[in-house]
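Scroll down for the structure; my scribbles are underneath it.
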Number of protein chains: 2
Amino acid sequence: MRRSELFIKTRKQAPSDEESRNAQLLIRAGFVHKEMAGVYSYLPMGKIVIDNISRIIREEMNAVGGNEVLMSTIQRKEPWEASGRWDDKVVDAWFKTKLANGTEVGIGWSHEEPIVSMLKDHINSYKDLPIYPYQIQTKFRNELRAKSGLLRGREFLMKDMYSFSRSHREHDQFYEKVAGAYMKIYDRMGFSGITYRTFASGGSFSRFSDEFQVLSHVGEDTIYIDEKMKIAVNKEVTDQETLNHLKLDMGQLKEEKAVEVGNIFSLGTKYSDALGLKFTDEKGQQQPPIMGCYGIGVSRLMGLIAEHFADDKGLVWPENVAPYQVYLVGVGDSEQVKQAADEIYGNLTESGVSIMYDDRDERPGEKFADADLIGIPYRVVVSEKSLAAGGCELKKRTSSGTEVLSKDQLAERLKIPLQA
Amino acid sequence: MRRSELFIKTRKQAPSDEESRNAQLLIRAGFVHKEMAGVYSYLPMGKIVIDNISRIIREEMNAVGGNEVLMSTIQRKEPWEASGRWDDKVVDAWFKTKLANGTEVGIGWSHEEPIVSMLKDHINSYKDLPIYPYQIQTKFRNELRAKSGLLRGREFLMKDMYSFSRSHREHDQFYEKVAGAYMKIYDRMGFSGITYRTFASGGSFSRFSDEFQVLSHVGEDTIYIDEKMKIAVNKEVTDQETLNHLKLDMGQLKEEKAVEVGNIFSLGTKYSDALGLKFTDEKGQQQPPIMGCYGIGVSRLMGLIAEHFADDKGLVWPENVAPYQVYLVGVGDSEQVKQAADEIYGNLTESGVSIMYDDRDERPGEKFADADLIGIPYRVVVSEKSLAAGGCELKKRTSSGTEVLSKDQLAERLKIPLQA
């Protein structure tokens, strides 16, 4: 895309009322617009990043057998009353509103109840199970304070999967499969080697749930990691009983700051029972499916990626989620430079490299600062100097060194397939 | 996909409280689930249809220079107060709710105000214009009655584009460009030759707005068409003054039932003025951009396509929006049939044809009825009889004739690129 056709403007200063570093950066670089605390709109490059993150998650959910659906935002209260989660004293994050006829309805903050309710029309027999519906959808939570930017929104994008299995054994197998898929997702987003599956509080259905925690200076949570076993325990549940149970030794654990990027829960039959979802098993008996739920905050991940990798010059997007792979700048007014830059833009676009061509009438320093602030992985500069040296200058966002490449060498270099 | 892995079940009867034919069909065929009147969730095949419709719209919006964004659902009231559209007496379709701190907020039913408000951070100069942000997003309207299924929802998916131009001339040019893009969209969805650009009430900013109306027995609106000029006038504005203005002769017009599938409005400077959005023109003067808005109901289109093309056996999806191109059925228990069907499934999948393989342990009649109800464009049947005749049997959903093709002939036939 040509920068002149993109309507966003970067800024030197974040709005004074924005306290969170991820939102400050994303606003300054023109990825999001703040509507109010915890509510952001996505500008074109922000939308591309959201789509890239969603695509990775979708691929991994499909790979474990997920079926994508899209549940409604507006919620009837009956299923939530049946499970005991309609009352504001039980769930204090509800937004509620009314239909024109006075009927009270909720605005979805999670979807266990409606999905179980819906499946009563589709599940009868053991032959219908197991199933793994999931969605990538906007959720709403009425947070009292929302000071963490995209890390904790009042309105946010989330992937939520629900599993319905015929036995605890079948449930446990799928649960482990999703845990593996989650690790792949975080690897693909640039968190390879620093993501820990972390024992956390399990609620009423199992001793533990699993959080996925990324070691990060952004850290909201404290976890204890066992570097050899590559697992961790959330500080909240790190008592002697837990350590004994997990056969961990406090002396071997290392305290770290981390950010939760996903969680998976075993739900047992709580919602199946509450809403009367049953299947007939192979012996002709009626049974409630065993459920699990599996969440990843899509916009939260965007916020974390922004804040975790940023440096003093701005954002640093991993290649797999970057809005564009290349930021192209022509330096100077010479016709030769313009022609060479136009040609590189055309060639790379044609060969499928996504590229932002800064064709604006601005000083080069301004363009270089924008390339850094926006955080595109590769910067390509064409100047009279680079042409004299044989081509254009390539610089990675994450290194200070540059190298001069011919057009062919550049095309070859950038055609390298992105990490899977 | 294998049907055994899809968790939906078709039904003989629609729910008794569902009055609308499009929703009855879509529920029976397992595309949507009714949450309440005017609120539907999308099951896996429904989600694919929504994605197919969205992709076509997105391609045509990008082709006219659109920039995709994603605005928030939660709305601050201030911009809406500035334009005079916060008051329930002015806009009676609002859903409103409150933040935990008591602040009243709206649930978005349209996005003129927030998008104009947002652009104040990004537009300064004539060099920044024109721009065409758009989004495909869930909207909420508190309809008193919602009896038309997906044609008029309380929660629905919509594409809304907004244009910001520097002059009326620039606005008019873009407005015509979008009108052309809209006709392409409806052509691609199977409404070629029956879609009329229709003069309708223009509100305060121009004499007319333009509706896009599809001639259909589903018709909610009455329009008068001029078959030679290929334009129409909505009955609401068909008076002598209008006819004179448009140089139309009532005697030449034909009354038709039609369904609105999109509308485009010139907004003048109403919202730019109300919210103080300005740019500096080439003479250094401050000017408000000229605005237009361009809507297409994505879920509404899905409902119309469902109801318009359906026959007494069920849905009939046009190829470009169908969830799958081929419904594959193996008849009988013979190992030879199963092998041949498996092979066709593998080969077609590999060559990029999207295919639903009904591998369930059901009677063939049941599977054929499902193929028709679900409305997949091509049905392929493998049986001992078809194998003896040289291959498999191909039938189009829209014709009663069948033909026997070898595996190679079938692959060749189905590789025909879909209509653009």
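Ligands are numbered from 1 in the order shown, residues from 1 within each chain, and chains are lettered A, B, ... in the order they appear in the structure tokens.
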
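For A:Asp361, the set of protein, DNA and RNA residues having any atom at most 12 Å away, when counting only C-alpha atoms and skipping those fewer than 6 positions along the same chain, is Arg3, Ser4, Val329, Gly330, Val331, Gly332, Asp333, Lys338 and Lys367 of chain A; Lys127 and Asp128 of chain B.
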
Just N, CA and C atoms for this one: save the residues we selected as a JSON list (two decimals), in the first residue's frame.
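Generated output (selection.json):
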[["chain", "number", "residue", "atom", "x", "y", "z"],
["A", 3, "ARG", "N", 1.63, 4.85, 1.32],
["A", 3, "ARG", "CA", 1.36, 5.58, 2.57],
["A", 3, "ARG", "C", 0.43, 6.75, 2.31],
["A", 4, "SER", "N", 0.52, 7.36, 1.12],
["A", 4, "SER", "CA", -0.34, 8.51, 0.81],
["A", 4, "SER", "C", -1.81, 8.13, 0.75],
["A", 329, "VAL", "N", 11.26, 3.37, 1.50],
["A", 329, "VAL", "CA", 11.45, 4.82, 1.48],
["A", 329, "VAL", "C", 12.39, 5.19, 0.34],
["A", 330, "GLY", "N", 11.99, 6.15, -0.45],
["A", 330, "GLY", "CA", 12.89, 6.73, -1.44],
["A", 330, "GLY", "C", 13.43, 8.04, -0.89],
["A", 331, "VAL", "N", 14.75, 8.25, -0.97],
["A", 331, "VAL", "CA", 15.34, 9.46, -0.40],
["A", 331, "VAL", "C", 15.74, 10.43, -1.51],
["A", 332, "GLY", "N", 15.26, 11.64, -1.41],
["A", 332, "GLY", "CA", 15.66, 12.66, -2.38],
["A", 332, "GLY", "C", 14.67, 12.78, -3.51],
["A", 333, "ASP", "N", 14.85, 13.83, -4.33],
["A", 333, "ASP", "CA", 13.87, 14.15, -5.36],
["A", 333, "ASP", "C", 14.24, 13.60, -6.73],
["A", 338, "LYS", "N", 13.16, 7.78, -7.66],
["A", 338, "LYS", "CA", 11.72, 7.53, -7.67],
["A", 338, "LYS", "C", 11.40, 6.32, -8.54],
["A", 367, "LYS", "N", 10.33, 9.99, 7.68],
["A", 367, "LYS", "CA", 9.92, 8.67, 7.21],
["A", 367, "LYS", "C", 10.63, 7.55, 7.97],
["B", 127, "LYS", "N", -4.41, 17.39, 1.49],
["B", 127, "LYS", "CA", -3.57, 16.27, 1.06],
["B", 127, "LYS", "C", -3.99, 14.96, 1.72],
["B", 128, "ASP", "N", -4.70, 15.08, 2.87],
["B", 128, "ASP", "CA", -5.13, 13.87, 3.58],
["B", 128, "ASP", "C", -6.42, 13.28, 3.00]]

Distance cut-off 8 Å, counting only C-alpha atoms - which residues of chain A neighbour chain B? Return them as an NGL selection string. :A and (4-9 or 33 or 35-36 or 39-44 or 46-47 or 67-76 or 95-101 or 118 or 121-123 or 128-129 or 131 or 142-144 or 155)

Can you list, as an mmCIF file with N, CA, C and O atoms, in the first residue's frame, every protein, DNA or RNA residue that comes within 10 Å of B:Leu215 when you count only C-alpha atoms, leaving out same-chain residues fewer than 4 positions away?
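Saved to result.cif:
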data_model
loop_
_atom_site.group_PDB
_atom_site.id
_atom_site.type_symbol
_atom_site.label_atom_id
_atom_site.label_comp_id
_atom_site.auth_asym_id
_atom_site.auth_seq_id
_atom_site.Cartn_x
_atom_site.Cartn_y
_atom_site.Cartn_z
ATOM 1 N N PHE B 191 -27.659 -12.047 -8.162
ATOM 2 C CA PHE B 191 -28.793 -11.176 -8.444
ATOM 3 C C PHE B 191 -28.613 -10.382 -9.739
ATOM 4 O O PHE B 191 -29.178 -9.293 -9.904
ATOM 5 N N GLY B 193 -29.056 -8.867 -13.211
ATOM 6 C CA GLY B 193 -30.216 -8.601 -14.062
ATOM 7 C C GLY B 193 -31.500 -8.281 -13.316
ATOM 8 O O GLY B 193 -32.477 -7.832 -13.922
ATOM 9 N N ILE B 194 -31.530 -8.502 -12.005
ATOM 10 C CA ILE B 194 -32.761 -8.207 -11.262
ATOM 11 C C ILE B 194 -32.524 -7.194 -10.143
ATOM 12 O O ILE B 194 -33.348 -7.022 -9.264
ATOM 13 N N THR B 195 -31.347 -6.542 -10.197
ATOM 14 C CA THR B 195 -31.060 -5.523 -9.184
ATOM 15 C C THR B 195 -31.214 -4.138 -9.808
ATOM 16 O O THR B 195 -30.628 -3.864 -10.861
ATOM 17 N N TYR B 196 -31.995 -3.289 -9.178
ATOM 18 C CA TYR B 196 -32.252 -1.947 -9.703
ATOM 19 C C TYR B 196 -31.744 -0.880 -8.743
ATOM 20 O O TYR B 196 -32.060 -0.897 -7.547
ATOM 21 N N GLY B 219 -40.231 -9.679 -1.669
ATOM 22 C CA GLY B 219 -40.418 -8.235 -1.616
ATOM 23 C C GLY B 219 -41.115 -7.618 -0.421
ATOM 24 O O GLY B 219 -42.236 -7.968 -0.106
ATOM 25 N N ASP B 221 -40.736 -4.072 -0.311
ATOM 26 C CA ASP B 221 -40.932 -2.734 -0.863
ATOM 27 C C ASP B 221 -41.625 -2.816 -2.209
ATOM 28 O O ASP B 221 -41.555 -3.821 -2.910
ATOM 29 N N THR B 222 -42.306 -1.735 -2.565
ATOM 30 C CA THR B 222 -42.861 -1.617 -3.905
ATOM 31 C C THR B 222 -42.058 -0.565 -4.655
ATOM 32 O O THR B 222 -41.841 0.538 -4.145
ATOM 33 N N ILE B 223 -41.576 -0.949 -5.827
ATOM 34 C CA ILE B 223 -40.823 0.012 -6.634
ATOM 35 C C ILE B 223 -41.412 0.055 -8.040
ATOM 36 O O ILE B 223 -42.137 -0.859 -8.445
ATOM 37 N N ILE B 225 -40.249 0.279 -11.892
ATOM 38 C CA ILE B 225 -39.029 0.147 -12.684
ATOM 39 C C ILE B 225 -39.246 0.620 -14.116
ATOM 40 O O ILE B 225 -40.340 0.519 -14.672
ATOM 41 N N GLU B 256 -43.280 -3.369 -9.177
ATOM 42 C CA GLU B 256 -42.673 -4.649 -8.809
ATOM 43 C C GLU B 256 -42.474 -4.712 -7.292
ATOM 44 O O GLU B 256 -42.266 -3.695 -6.639
ATOM 45 N N LYS B 257 -42.492 -5.941 -6.772
ATOM 46 C CA LYS B 257 -42.094 -6.172 -5.378
ATOM 47 C C LYS B 257 -40.572 -6.342 -5.348
ATOM 48 O O LYS B 257 -40.001 -6.996 -6.226
ATOM 49 N N ALA B 258 -39.946 -5.759 -4.360
ATOM 50 C CA ALA B 258 -38.481 -5.817 -4.313
ATOM 51 C C ALA B 258 -37.992 -5.784 -2.872
ATOM 52 O O ALA B 258 -38.741 -5.416 -1.958
ATOM 53 N N VAL B 259 -36.753 -6.181 -2.701
ATOM 54 C CA VAL B 259 -36.110 -6.153 -1.376
ATOM 55 C C VAL B 259 -34.875 -5.270 -1.458
ATOM 56 O O VAL B 259 -34.039 -5.437 -2.353
ATOM 57 N N GLU B 260 -34.760 -4.363 -0.515
ATOM 58 C CA GLU B 260 -33.599 -3.475 -0.479
ATOM 59 C C GLU B 260 -32.375 -4.247 -0.002
ATOM 60 O O GLU B 260 -32.424 -4.909 1.029
ATOM 61 N N HIS B 308 -34.887 -16.102 -1.381
ATOM 62 C CA HIS B 308 -35.168 -15.817 -2.795
ATOM 63 C C HIS B 308 -34.970 -17.044 -3.680
ATOM 64 O O HIS B 308 -35.778 -17.319 -4.565
#

From a DSSP pass on the backbone, collect the residues of stretch 200-350 of chain A flagged as alpha helix (DSSP H) and hand them back as an MDAnalysis selection string. chainID A and resid 240:246 270:275 298:309 335:350

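Residues within 6 Å of A:Val316, counting only C-alpha atoms and excluding same-chain residues fewer than 4 positions away, are Phe309, Ala310 and Gly375 of chain A.
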
Could those residues be written to a file, using all heavy atoms, as a PDB file, in the first residue's frame?
ATOM      1  N   PHE A 309       7.614  -6.217  22.798  1.00  0.00           N
ATOM      2  CA  PHE A 309       8.741  -6.116  21.860  1.00  0.00           C
ATOM      3  C   PHE A 309       9.201  -4.682  21.597  1.00  0.00           C
ATOM      4  O   PHE A 309      10.239  -4.478  20.968  1.00  0.00           O
ATOM      5  CB  PHE A 309       8.377  -6.791  20.529  1.00  0.00           C
ATOM      6  CG  PHE A 309       8.201  -8.283  20.630  1.00  0.00           C
ATOM      7  CD1 PHE A 309       6.947  -8.870  20.556  1.00  0.00           C
ATOM      8  CD2 PHE A 309       9.306  -9.115  20.811  1.00  0.00           C
ATOM      9  CE1 PHE A 309       6.783 -10.246  20.645  1.00  0.00           C
ATOM     10  CE2 PHE A 309       9.154 -10.501  20.905  1.00  0.00           C
ATOM     11  CZ  PHE A 309       7.894 -11.065  20.823  1.00  0.00           C
ATOM     12  N   ALA A 310       8.433  -3.697  22.045  1.00  0.00           N
ATOM     13  CA  ALA A 310       8.756  -2.306  21.702  1.00  0.00           C
ATOM     14  C   ALA A 310      10.106  -1.875  22.262  1.00  0.00           C
ATOM     15  O   ALA A 310      10.554  -2.385  23.294  1.00  0.00           O
ATOM     16  CB  ALA A 310       7.661  -1.382  22.233  1.00  0.00           C
ATOM     17  N   GLY A 375       7.003   0.030  13.263  1.00  0.00           N
ATOM     18  CA  GLY A 375       7.570  -1.263  13.648  1.00  0.00           C
ATOM     19  C   GLY A 375       7.541  -2.345  12.586  1.00  0.00           C
ATOM     20  O   GLY A 375       7.492  -3.538  12.901  1.00  0.00           O
TER      21      GLY A 375
END

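Considering the residues B:Cys293, B:Val353, B:Gly390, B:Met189 and counting only C-alpha atoms, B:Val404 has its shortest atom-to-atom contact with B:Gly390.
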
List as a list in words the protein and nucleic acid residues near B:Glu211, meaning an atom at most 6 Å away when only C-alpha atoms are counted, but skip any in the same chain fewer than 4 places from it. Arg197, Thr198, Gly262 and Asn263 of chain B

Any chance you could export the current selection's all heavy atoms as a compact mmCIF listing (two decimals), in the first residue's frame?
# COMPACT_ATOMS: atom_id res chain seq x y z
N ARG B 197 -30.97 0.04 -9.30
CA ARG B 197 -30.64 1.24 -8.55
C ARG B 197 -31.91 2.07 -8.52
O ARG B 197 -32.49 2.39 -9.56
CB ARG B 197 -29.51 1.97 -9.27
CG ARG B 197 -29.04 3.18 -8.51
CD ARG B 197 -27.77 3.73 -9.09
NE ARG B 197 -27.48 5.04 -8.54
CZ ARG B 197 -26.47 5.79 -8.91
NH1 ARG B 197 -25.63 5.36 -9.85
NH2 ARG B 197 -26.27 6.97 -8.35
N THR B 198 -32.35 2.42 -7.31
CA THR B 198 -33.70 2.94 -7.12
C THR B 198 -33.68 4.28 -6.39
O THR B 198 -33.10 4.39 -5.31
CB THR B 198 -34.51 1.91 -6.28
OG1 THR B 198 -34.48 0.65 -6.96
CG2 THR B 198 -35.94 2.35 -6.08
N GLY B 262 -29.16 -2.64 -0.18
CA GLY B 262 -28.09 -1.69 0.10
C GLY B 262 -28.62 -0.29 -0.13
O GLY B 262 -29.65 -0.11 -0.80
N ASN B 263 -27.96 0.67 0.47
CA ASN B 263 -28.33 2.05 0.18
C ASN B 263 -27.12 2.95 0.33
O ASN B 263 -26.18 2.65 1.05
CB ASN B 263 -29.49 2.52 1.07
CG ASN B 263 -29.18 2.30 2.54
OD1 ASN B 263 -28.04 2.35 2.96
ND2 ASN B 263 -30.21 2.06 3.33

Exercise: B:Ser148 partners within 12 Å, only C-alpha atoms, chain neighbours under 6 positions left out, as JSON, numbers by chain: {"B": [18, 19, 20, 21, 22, 23, 24, 37, 38, 39, 40, 154, 218, 219, 220, 259, 299, 300, 303, 304, 307]}

Emit the selected residues as a PDB file, in the first residue's frame, including N, CA, C and O atoms.
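File produced: out-v1.pdb:
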ATOM      1  N   GLU B  18     -41.001 -19.358  14.862  1.00  0.00           N
ATOM      2  CA  GLU B  18     -40.272 -18.642  13.813  1.00  0.00           C
ATOM      3  C   GLU B  18     -41.194 -18.396  12.628  1.00  0.00           C
ATOM      4  O   GLU B  18     -41.603 -19.323  11.947  1.00  0.00           O
ATOM      5  N   GLU B  19     -41.528 -17.118  12.395  1.00  0.00           N
ATOM      6  CA  GLU B  19     -42.504 -16.795  11.362  1.00  0.00           C
ATOM      7  C   GLU B  19     -41.891 -16.558   9.996  1.00  0.00           C
ATOM      8  O   GLU B  19     -42.567 -16.597   8.982  1.00  0.00           O
ATOM      9  N   SER B  20     -40.607 -16.247   9.982  1.00  0.00           N
ATOM     10  CA  SER B  20     -40.007 -15.808   8.717  1.00  0.00           C
ATOM     11  C   SER B  20     -39.498 -17.005   7.914  1.00  0.00           C
ATOM     12  O   SER B  20     -38.868 -17.918   8.465  1.00  0.00           O
ATOM     13  N   ARG B  21     -39.765 -16.978   6.602  1.00  0.00           N
ATOM     14  CA  ARG B  21     -39.372 -18.119   5.774  1.00  0.00           C
ATOM     15  C   ARG B  21     -37.856 -18.262   5.682  1.00  0.00           C
ATOM     16  O   ARG B  21     -37.333 -19.372   5.690  1.00  0.00           O
ATOM     17  N   ASN B  22     -37.125 -17.141   5.591  1.00  0.00           N
ATOM     18  CA  ASN B  22     -35.663 -17.274   5.477  1.00  0.00           C
ATOM     19  C   ASN B  22     -35.082 -17.911   6.736  1.00  0.00           C
ATOM     20  O   ASN B  22     -34.247 -18.809   6.660  1.00  0.00           O
ATOM     21  N   ALA B  23     -35.554 -17.489   7.905  1.00  0.00           N
ATOM     22  CA  ALA B  23     -35.019 -18.074   9.137  1.00  0.00           C
ATOM     23  C   ALA B  23     -35.486 -19.520   9.294  1.00  0.00           C
ATOM     24  O   ALA B  23     -34.722 -20.378   9.744  1.00  0.00           O
ATOM     25  N   GLN B  24     -36.740 -19.817   8.909  1.00  0.00           N
ATOM     26  CA  GLN B  24     -37.210 -21.209   8.967  1.00  0.00           C
ATOM     27  C   GLN B  24     -36.277 -22.123   8.172  1.00  0.00           C
ATOM     28  O   GLN B  24     -35.836 -23.172   8.650  1.00  0.00           O
ATOM     29  N   ALA B  37     -36.190 -13.406  18.902  1.00  0.00           N
ATOM     30  CA  ALA B  37     -36.642 -12.744  17.679  1.00  0.00           C
ATOM     31  C   ALA B  37     -35.608 -11.705  17.239  1.00  0.00           C
ATOM     32  O   ALA B  37     -35.227 -10.822  18.015  1.00  0.00           O
ATOM     33  N   GLY B  38     -35.130 -11.837  16.015  1.00  0.00           N
ATOM     34  CA  GLY B  38     -34.183 -10.859  15.482  1.00  0.00           C
ATOM     35  C   GLY B  38     -32.748 -11.052  15.918  1.00  0.00           C
ATOM     36  O   GLY B  38     -31.886 -10.224  15.593  1.00  0.00           O
ATOM     37  N   VAL B  39     -32.461 -12.135  16.646  1.00  0.00           N
ATOM     38  CA  VAL B  39     -31.093 -12.409  17.105  1.00  0.00           C
ATOM     39  C   VAL B  39     -30.750 -13.862  16.782  1.00  0.00           C
ATOM     40  O   VAL B  39     -31.388 -14.779  17.318  1.00  0.00           O
ATOM     41  N   TYR B  40     -29.772 -14.056  15.922  1.00  0.00           N
ATOM     42  CA  TYR B  40     -29.392 -15.390  15.476  1.00  0.00           C
ATOM     43  C   TYR B  40     -27.900 -15.621  15.692  1.00  0.00           C
ATOM     44  O   TYR B  40     -27.109 -14.699  15.543  1.00  0.00           O
ATOM     45  N   ARG B 154     -32.306  -7.530  15.245  1.00  0.00           N
ATOM     46  CA  ARG B 154     -31.926  -6.652  16.354  1.00  0.00           C
ATOM     47  C   ARG B 154     -30.403  -6.624  16.460  1.00  0.00           C
ATOM     48  O   ARG B 154     -29.818  -5.666  16.935  1.00  0.00           O
ATOM     49  N   VAL B 218     -39.929 -12.193  -2.353  1.00  0.00           N
ATOM     50  CA  VAL B 218     -39.746 -11.917  -0.922  1.00  0.00           C
ATOM     51  C   VAL B 218     -40.152 -10.472  -0.611  1.00  0.00           C
ATOM     52  O   VAL B 218     -40.411 -10.113   0.537  1.00  0.00           O
ATOM     53  N   GLY B 219     -40.231  -9.679  -1.669  1.00  0.00           N
ATOM     54  CA  GLY B 219     -40.418  -8.235  -1.616  1.00  0.00           C
ATOM     55  C   GLY B 219     -41.115  -7.618  -0.421  1.00  0.00           C
ATOM     56  O   GLY B 219     -42.236  -7.968  -0.106  1.00  0.00           O
ATOM     57  N   GLU B 220     -40.458  -6.665   0.200  1.00  0.00           N
ATOM     58  CA  GLU B 220     -41.072  -5.869   1.270  1.00  0.00           C
ATOM     59  C   GLU B 220     -41.463  -4.512   0.702  1.00  0.00           C
ATOM     60  O   GLU B 220     -42.370  -3.861   1.198  1.00  0.00           O
ATOM     61  N   VAL B 259     -36.753  -6.181  -2.701  1.00  0.00           N
ATOM     62  CA  VAL B 259     -36.110  -6.153  -1.376  1.00  0.00           C
ATOM     63  C   VAL B 259     -34.875  -5.270  -1.458  1.00  0.00           C
ATOM     64  O   VAL B 259     -34.039  -5.437  -2.353  1.00  0.00           O
ATOM     65  N   SER B 299     -25.779  -9.915   6.848  1.00  0.00           N
ATOM     66  CA  SER B 299     -26.665 -11.015   7.276  1.00  0.00           C
ATOM     67  C   SER B 299     -28.027 -10.896   6.581  1.00  0.00           C
ATOM     68  O   SER B 299     -28.665 -11.904   6.282  1.00  0.00           O
ATOM     69  N   ARG B 300     -28.455  -9.673   6.308  1.00  0.00           N
ATOM     70  CA  ARG B 300     -29.684  -9.482   5.537  1.00  0.00           C
ATOM     71  C   ARG B 300     -29.556 -10.118   4.144  1.00  0.00           C
ATOM     72  O   ARG B 300     -30.461 -10.800   3.670  1.00  0.00           O
ATOM     73  N   GLY B 303     -29.965 -13.752   4.391  1.00  0.00           N
ATOM     74  CA  GLY B 303     -31.383 -14.105   4.524  1.00  0.00           C
ATOM     75  C   GLY B 303     -32.111 -14.023   3.199  1.00  0.00           C
ATOM     76  O   GLY B 303     -32.911 -14.899   2.842  1.00  0.00           O
ATOM     77  N   LEU B 304     -31.829 -12.967   2.436  1.00  0.00           N
ATOM     78  CA  LEU B 304     -32.506 -12.811   1.147  1.00  0.00           C
ATOM     79  C   LEU B 304     -32.089 -13.906   0.163  1.00  0.00           C
ATOM     80  O   LEU B 304     -32.938 -14.488  -0.522  1.00  0.00           O
ATOM     81  N   GLU B 307     -33.909 -17.055   1.072  1.00  0.00           N
ATOM     82  CA  GLU B 307     -35.353 -17.082   0.801  1.00  0.00           C
ATOM     83  C   GLU B 307     -35.662 -16.934  -0.685  1.00  0.00           C
ATOM     84  O   GLU B 307     -36.575 -17.588  -1.210  1.00  0.00           O
TER      85      GLU B 307
END

Mind checking DSSP for stretch 221-251 of chain A and telling me the strand (DSSP E or B) residues as a compact mmCIF listing (two decimals) with N, CA, C and O atoms, in the first residue's frame?
# COMPACT_ATOMS: atom_id res chain seq x y z
N ASP A 221 1.35 -10.75 36.36
CA ASP A 221 1.27 -11.89 37.27
C ASP A 221 2.66 -12.30 37.74
O ASP A 221 3.66 -12.04 37.06
N THR A 222 2.71 -12.95 38.88
CA THR A 222 3.96 -13.55 39.35
C THR A 222 3.81 -15.05 39.25
O THR A 222 2.82 -15.61 39.73
N ILE A 223 4.76 -15.69 38.60
CA ILE A 223 4.73 -17.15 38.49
C ILE A 223 6.07 -17.71 38.94
O ILE A 223 7.08 -16.99 38.98
N TYR A 224 6.05 -18.98 39.28
CA TYR A 224 7.28 -19.68 39.65
C TYR A 224 7.56 -20.70 38.58
O TYR A 224 6.74 -21.58 38.33
N ILE A 225 8.70 -20.58 37.92
CA ILE A 225 8.98 -21.51 36.81
C ILE A 225 10.01 -22.55 37.21
O ILE A 225 10.89 -22.30 38.03
N ASP A 226 9.83 -23.75 36.63
CA ASP A 226 10.84 -24.79 36.73
C ASP A 226 11.47 -24.89 35.35
O ASP A 226 10.85 -25.37 34.40
N ILE A 231 7.70 -25.97 33.07
CA ILE A 231 6.35 -25.67 33.55
C ILE A 231 6.42 -24.61 34.62
O ILE A 231 7.52 -24.26 35.10
N ALA A 232 5.28 -24.08 35.02
CA ALA A 232 5.27 -23.03 36.03
C ALA A 232 4.02 -23.16 36.90
O ALA A 232 3.09 -23.89 36.58
N VAL A 233 4.06 -22.45 38.00
CA VAL A 233 2.92 -22.42 38.92
C VAL A 233 2.60 -20.96 39.21
O VAL A 233 3.51 -20.17 39.48
N ASN A 234 1.34 -20.61 39.13
CA ASN A 234 0.95 -19.24 39.46
C ASN A 234 1.13 -19.02 40.96
O ASN A 234 0.81 -19.89 41.76

Just the residues within 8 Å of stretch 378-389 of chain B, please, counting only C-alpha atoms, with nothing from its chain fewer than 6 positions along; format it as a list in words. Gln325, Val326, Tyr327, Leu328, Val329, Gly330, Val331, Gly332, Ser334, Gln336, Val337, Ala340, Ala341, Ala371, Lys395, Lys396, Arg397 and Val404 of chain B
